[in-house]
Each structure stands twice: as C-alpha cells, then as structure tokens.
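Raw coords_35.csv, CSV, C-alpha atoms:
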chain,number,residue,atom,x,y,z
A,320,MET,CA,0.0,0.0,0.0
A,321,THR,CA,1.3,3.4,-0.9
A,322,ASP,CA,1.5,6.3,1.4
A,323,ILE,CA,-1.3,8.0,-0.6
A,324,SER,CA,-3.7,5.0,-0.4
A,325,ALA,CA,-2.9,4.7,3.3
A,326,LEU,CA,-3.8,8.3,3.8
A,327,GLU,CA,-7.0,7.9,1.7
A,328,SER,CA,-7.9,4.9,3.8
A,329,TYR,CA,-7.2,6.8,7.0
A,330,ALA,CA,-9.2,9.8,5.8
A,331,GLY,CA,-12.1,7.5,5.1
A,332,MET,CA,-11.9,6.1,8.6
A,333,LEU,CA,-11.8,9.6,10.0
A,334,SER,CA,-14.8,10.6,7.9
A,335,GLU,CA,-16.8,7.6,9.2
A,336,ALA,CA,-15.8,8.4,12.8
A,337,ALA,CA,-16.8,12.0,12.3
A,338,GLN,CA,-20.2,11.0,10.9
A,339,ARG,CA,-20.8,8.7,13.8
A,340,ALA,CA,-19.7,11.5,16.2
A,341,ILE,CA,-22.1,13.9,14.5
A,342,ALA,CA,-25.0,11.3,14.7
A,343,THR,CA,-24.2,10.7,18.4
A,344,ALA,CA,-24.1,14.5,19.1
A,345,GLU,CA,-27.5,14.9,17.3
A,346,LYS,CA,-29.0,12.1,19.5
A,347,GLN,CA,-27.5,13.7,22.6
A,348,GLU,CA,-28.9,17.1,21.5
A,349,LYS,CA,-32.4,15.6,21.0
A,350,TYR,CA,-32.1,13.7,24.4
A,351,ILE,CA,-31.2,16.9,26.3
A,352,HIS,CA,-33.3,19.4,24.4
A,353,GLY,CA,-36.1,17.2,23.0
A,354,GLY,CA,-39.7,18.0,23.8
A,355,PRO,CA,-42.0,16.4,26.5
A,356,THR,CA,-43.4,13.9,24.0
A,357,GLU,CA,-40.2,12.9,22.2
A,358,ASP,CA,-38.2,9.7,22.2
A,359,VAL,CA,-34.7,9.4,20.9
A,360,ILE,CA,-34.1,6.3,18.8
A,361,THR,CA,-31.0,4.5,19.8
A,362,GLU,CA,-29.3,1.2,18.9
A,363,LEU,CA,-31.1,-0.3,22.0
A,364,GLY,CA,-34.5,1.2,21.2
A,365,PRO,CA,-36.3,4.4,22.1
A,366,VAL,CA,-35.2,6.5,25.0
A,367,PRO,CA,-37.4,9.3,26.3
A,368,SER,CA,-36.0,12.8,26.2
A,369,ILE,CA,-35.2,14.4,29.5
A,370,ALA,CA,-38.3,16.6,29.2
A,371,LYS,CA,-40.4,13.5,28.6
A,372,GLN,CA,-38.8,11.8,31.6
A,373,VAL,CA,-39.8,14.8,33.7
A,374,VAL,CA,-43.4,14.6,32.5
A,375,LEU,CA,-43.6,10.9,33.2
A,376,ALA,CA,-42.1,11.4,36.7
A,377,GLU,CA,-44.6,14.2,37.4
A,378,GLU,CA,-47.4,11.9,36.3
A,379,ARG,CA,-46.2,9.1,38.7
A,380,VAL,CA,-45.8,11.6,41.5
A,381,SER,CA,-49.3,13.0,40.9
A,382,GLU,CA,-50.7,9.4,41.0
A,383,ALA,CA,-48.8,8.7,44.2
A,384,VAL,CA,-50.0,11.9,45.8
A,385,ALA,CA,-53.6,11.1,44.8
A,386,GLU,CA,-53.3,7.7,46.3
A,387,ILE,CA,-51.9,9.1,49.5
A,388,ALA,CA,-54.6,11.7,49.6
A,389,THR,CA,-57.2,9.0,49.3
A,390,GLN,CA,-55.6,7.0,52.1
A,391,MET,CA,-55.0,10.1,54.3
A,392,ALA,CA,-58.7,11.2,53.9
A,393,GLY,CA,-59.4,8.1,55.9
A,394,ALA,CA,-57.0,9.0,58.6
A,395,MET,CA,-59.7,11.1,60.2
A,396,THR,CA,-61.7,10.1,63.2
A,397,TYR,CA,-65.4,9.9,62.7
A,398,GLY,CA,-68.2,9.5,65.3
A,399,SER,CA,-69.5,6.3,63.9
A,400,THR,CA,-68.6,3.7,61.2
A,401,ALA,CA,-71.5,5.0,59.1
A,402,LEU,CA,-70.0,8.5,59.1
A,403,GLY,CA,-66.6,7.0,58.4
A,404,LEU,CA,-67.9,5.1,55.4
A,405,LEU,CA,-69.6,8.3,54.1
A,406,GLY,CA,-66.4,10.3,54.5
A,407,THR,CA,-64.0,7.8,52.8
A,408,SER,CA,-63.8,6.1,49.4
A,409,SER,CA,-63.3,2.4,48.9
A,410,GLY,CA,-59.8,1.5,50.1
A,411,GLY,CA,-59.6,4.5,52.5
A,412,TYR,CA,-59.0,4.1,56.2
A,413,PHE,CA,-60.9,5.8,59.0
A,414,SER,CA,-61.0,5.6,62.8
A,415,VAL,CA,-63.9,5.5,65.3
A,416,PRO,CA,-63.7,6.0,69.0
A,417,SER,CA,-64.1,2.7,70.8
A,418,PRO,CA,-67.0,2.3,73.3
A,419,ASP,CA,-64.8,0.1,75.4
A,420,SER,CA,-62.9,2.2,78.1
A,421,ARG,CA,-59.9,0.0,77.6
A,422,GLU,CA,-59.6,1.1,74.0
A,423,TYR,CA,-59.1,4.5,72.3
A,424,LEU,CA,-59.8,4.0,68.6
A,425,ILE,CA,-60.8,1.3,66.2
A,426,LEU,CA,-59.2,1.5,62.7
A,427,TYR,CA,-61.3,0.5,59.8
A,428,VAL,CA,-60.8,0.2,56.0
A,429,ASN,CA,-63.7,1.0,53.6
A,430,GLU,CA,-64.0,-2.0,51.4
A,431,SER,CA,-66.6,-1.2,48.8
A,432,GLY,CA,-68.9,0.5,51.3
A,433,ALA,CA,-68.3,-2.0,54.2
A,434,ALA,CA,-66.3,-1.1,57.3
A,435,ILE,CA,-63.7,-3.8,57.9
A,436,GLU,CA,-62.0,-3.7,61.2
A,437,ILE,CA,-58.2,-3.6,61.0
A,438,LYS,CA,-57.0,-3.1,64.5
A,439,ARG,CA,-57.9,-1.6,67.9
A,440,TYR,CA,-55.7,0.9,69.9
A,441,PRO,CA,-55.6,0.8,73.7
A,442,SER,CA,-56.5,3.8,75.7
A,443,GLU,CA,-53.8,5.6,77.8
A,444,SER,CA,-55.7,4.8,81.0
A,445,TYR,CA,-55.7,1.1,80.2
A,446,VAL,CA,-52.0,1.0,79.4
A,447,THR,CA,-51.3,2.9,82.6
A,448,SER,CA,-53.3,0.5,84.6
A,449,LEU,CA,-51.5,-2.5,83.0
A,450,LEU,CA,-48.2,-0.9,83.8
A,451,ASN,CA,-49.2,-0.2,87.4
A,452,ASN,CA,-50.5,-3.7,87.8
A,453,GLN,CA,-47.2,-5.0,86.5
A,454,ILE,CA,-45.3,-2.8,88.9
A,455,ASN,CA,-47.4,-4.1,91.8
A,456,ILE,CA,-47.0,-7.7,90.8
A,457,SER,CA,-43.2,-7.2,90.5
A,458,ALA,CA,-43.1,-5.5,94.0
A,459,ASP,CA,-45.1,-8.4,95.5
A,460,LEU,CA,-42.8,-10.9,93.9
A,461,ILE,CA,-39.7,-9.1,95.3
A,462,ARG,CA,-41.3,-9.0,98.8
A,463,THR,CA,-42.2,-12.7,98.6
A,464,GLN,CA,-38.7,-13.6,97.5
A,465,THR,CA,-37.2,-11.5,100.2
A,466,ILE,CA,-39.3,-13.3,102.8
A,467,ILE,CA,-38.3,-16.7,101.4
A,468,VAL,CA,-34.6,-15.8,101.5
A,469,GLN,CA,-34.9,-14.4,105.0
A,470,ASN,CA,-36.7,-17.6,106.2
A,471,LEU,CA,-34.0,-19.8,104.5
A,472,ALA,CA,-31.3,-17.9,106.2
A,473,PHE,CA,-32.6,-18.7,109.6
A,474,ALA,CA,-33.6,-22.3,108.9

Hey, can you dump this file as structure tokens for me?
Amino acid sequence: MTDISALESYAGMLSEAAQRAIATAEKQEKYIHGGPTEDVITELGPVPSIAKQVVLAEERVSEAVAEIATQMAGAMTYGSTALGLLGTSSGGYFSVPSPDSREYLILYVNESGAAIEIKRYPSESYVTSLLNNQINISADLIRTQTIIVQNLAFA
C-alpha cells in the first residue's frame, strides 16, 4: 500500500468516525433538548428525552399523591362507622372512638362500602393501669422472694 492510499484509507476512517460522532451528538442534543413527548431512537431502542422523563415522573408523583390523599382522607376520626364510610372512598382508612374504656380507637378500611376492622388501639388509662399492675406484681414478687430468702437464712 502506498502512502497516498494509506492516507486515503485513514481519511475514510476519520470521515466515518466524524459521521458517527455527528450522529451521536444529534442524539444527545435531542435527548437533552427534546420536547416532552419525544423519544430518541438509539441502537437499543427508544429512550425518552429528559423533558419526557420529567413529564412521566410528574405523572407518577401525581398518581402517588392522589393515592396518599385517598388514604389520608381516611386518617380522620369519625363519630361512627356509618359516618366513616360516608367520609371515605373504597380503600380508604378511618377511625372511630371505641365504646370500650380499655380502647381508644378502632381502625377500619372502607372495602366497597363495608367497614372492615383492621385493629384496635388501647387507651392511655388502660395502658397505665396495666403498667401499674405489672409494677405491683413485681413489687409483690420481690417481697415474697425477700421473705423466702430471710426464712431460709434462719432455717
């Protein structure tokens, strides 16, 4: 191969590389500056432009916020299960004060207009009484053990 043919071959390779670089730059330009509905066609398939990715992300966020709003609407406390069902949509949660003095609230989910009980929360006074009972039982146990130890020491 002569020097001239080698240079011509090299010039051809440079030209092909330049064309590929220009094509890549055009894709990058479209990816960065493309509109909110545009996709960039790549070797691996279509890729949404940055603007389109933002729109898609905003849609997902809006859907998530709507879902959370639906759930949070049910976070309210209602005077009765009937009012809770009226105040929530299907899938929403609501609470109703418990008639049992040992309980504070009852959590429900609205399942197609039916109040399904999820869980019950204890009242503060009930929890306090349980703790006080436990403290009294522990104190009695310590006194009993102390008496047993004292009696064994003198046996």

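The spacing separating CA of Arg439 (chain A) from CA of Ala401 (chain A) amounts to 17.5 Å.
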
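Interatomic distance, CA of Tyr440 (chain A) to CA of Ile456 (chain A): 24.2 Å.
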
Can you tell me which residues surround Pro441 (chain A) at a distance of at most 8 Å, considering all atoms listed in the file, apart from same-chain residues fewer than 5 positions away, and format the answer as a VMD selection string? chain A and resid 421 to 424 446

Atoms kept (C-alpha atoms) for selection, written as a tab-separated table (two decimals), in the frame of the given file:
chain	number	residue	atom	x	y	z
A	421	ARG	CA	-59.90	0.00	77.60
A	422	GLU	CA	-59.60	1.10	74.00
A	423	TYR	CA	-59.10	4.50	72.30
A	424	LEU	CA	-59.80	4.00	68.60
A	446	VAL	CA	-52.00	1.00	79.40

In Å, with one decimal, what is the gap from CA of Thr396 (chain A) to CA of Gly432 (chain A)? 16.9 Å

In the coordinates of the file, take the point (-37.3, 15.1, 31.2) and a cut-off of 10 Å; then, counting only C-alpha atoms, name each qualifying protein, DNA or RNA residue as a ChimeraX atom specification. /A:350-357,367-377

Output of the above residues as a PDB file, in the coordinates of the input, restricted to C-alpha atoms:
ATOM      1  CA  TYR A 350     -32.100  13.700  24.400  1.00  0.00           C
ATOM      2  CA  ILE A 351     -31.200  16.900  26.300  1.00  0.00           C
ATOM      3  CA  HIS A 352     -33.300  19.400  24.400  1.00  0.00           C
ATOM      4  CA  GLY A 353     -36.100  17.200  23.000  1.00  0.00           C
ATOM      5  CA  GLY A 354     -39.700  18.000  23.800  1.00  0.00           C
ATOM      6  CA  PRO A 355     -42.000  16.400  26.500  1.00  0.00           C
ATOM      7  CA  THR A 356     -43.400  13.900  24.000  1.00  0.00           C
ATOM      8  CA  GLU A 357     -40.200  12.900  22.200  1.00  0.00           C
ATOM      9  CA  PRO A 367     -37.400   9.300  26.300  1.00  0.00           C
ATOM     10  CA  SER A 368     -36.000  12.800  26.200  1.00  0.00           C
ATOM     11  CA  ILE A 369     -35.200  14.400  29.500  1.00  0.00           C
ATOM     12  CA  ALA A 370     -38.300  16.600  29.200  1.00  0.00           C
ATOM     13  CA  LYS A 371     -40.400  13.500  28.600  1.00  0.00           C
ATOM     14  CA  GLN A 372     -38.800  11.800  31.600  1.00  0.00           C
ATOM     15  CA  VAL A 373     -39.800  14.800  33.700  1.00  0.00           C
ATOM     16  CA  VAL A 374     -43.400  14.600  32.500  1.00  0.00           C
ATOM     17  CA  LEU A 375     -43.600  10.900  33.200  1.00  0.00           C
ATOM     18  CA  ALA A 376     -42.100  11.400  36.700  1.00  0.00           C
ATOM     19  CA  GLU A 377     -44.600  14.200  37.400  1.00  0.00           C
TER      20      GLU A 377
END

Contacts of region 436-438 of chain A at 12 Å or less, counting only C-alpha atoms, minus same-chain residues fewer than 2 places along, as a PyMOL selection string? chain A and resi 400+403+411-415+417+422-430+433-434+440-441

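Of the residues under consideration (A:Val366, A:Val384, A:Gln347, A:Pro416), A:Pro416 shows the shortest atom-to-atom contact distance to Gly398 (chain A) when counting only C-alpha atoms.
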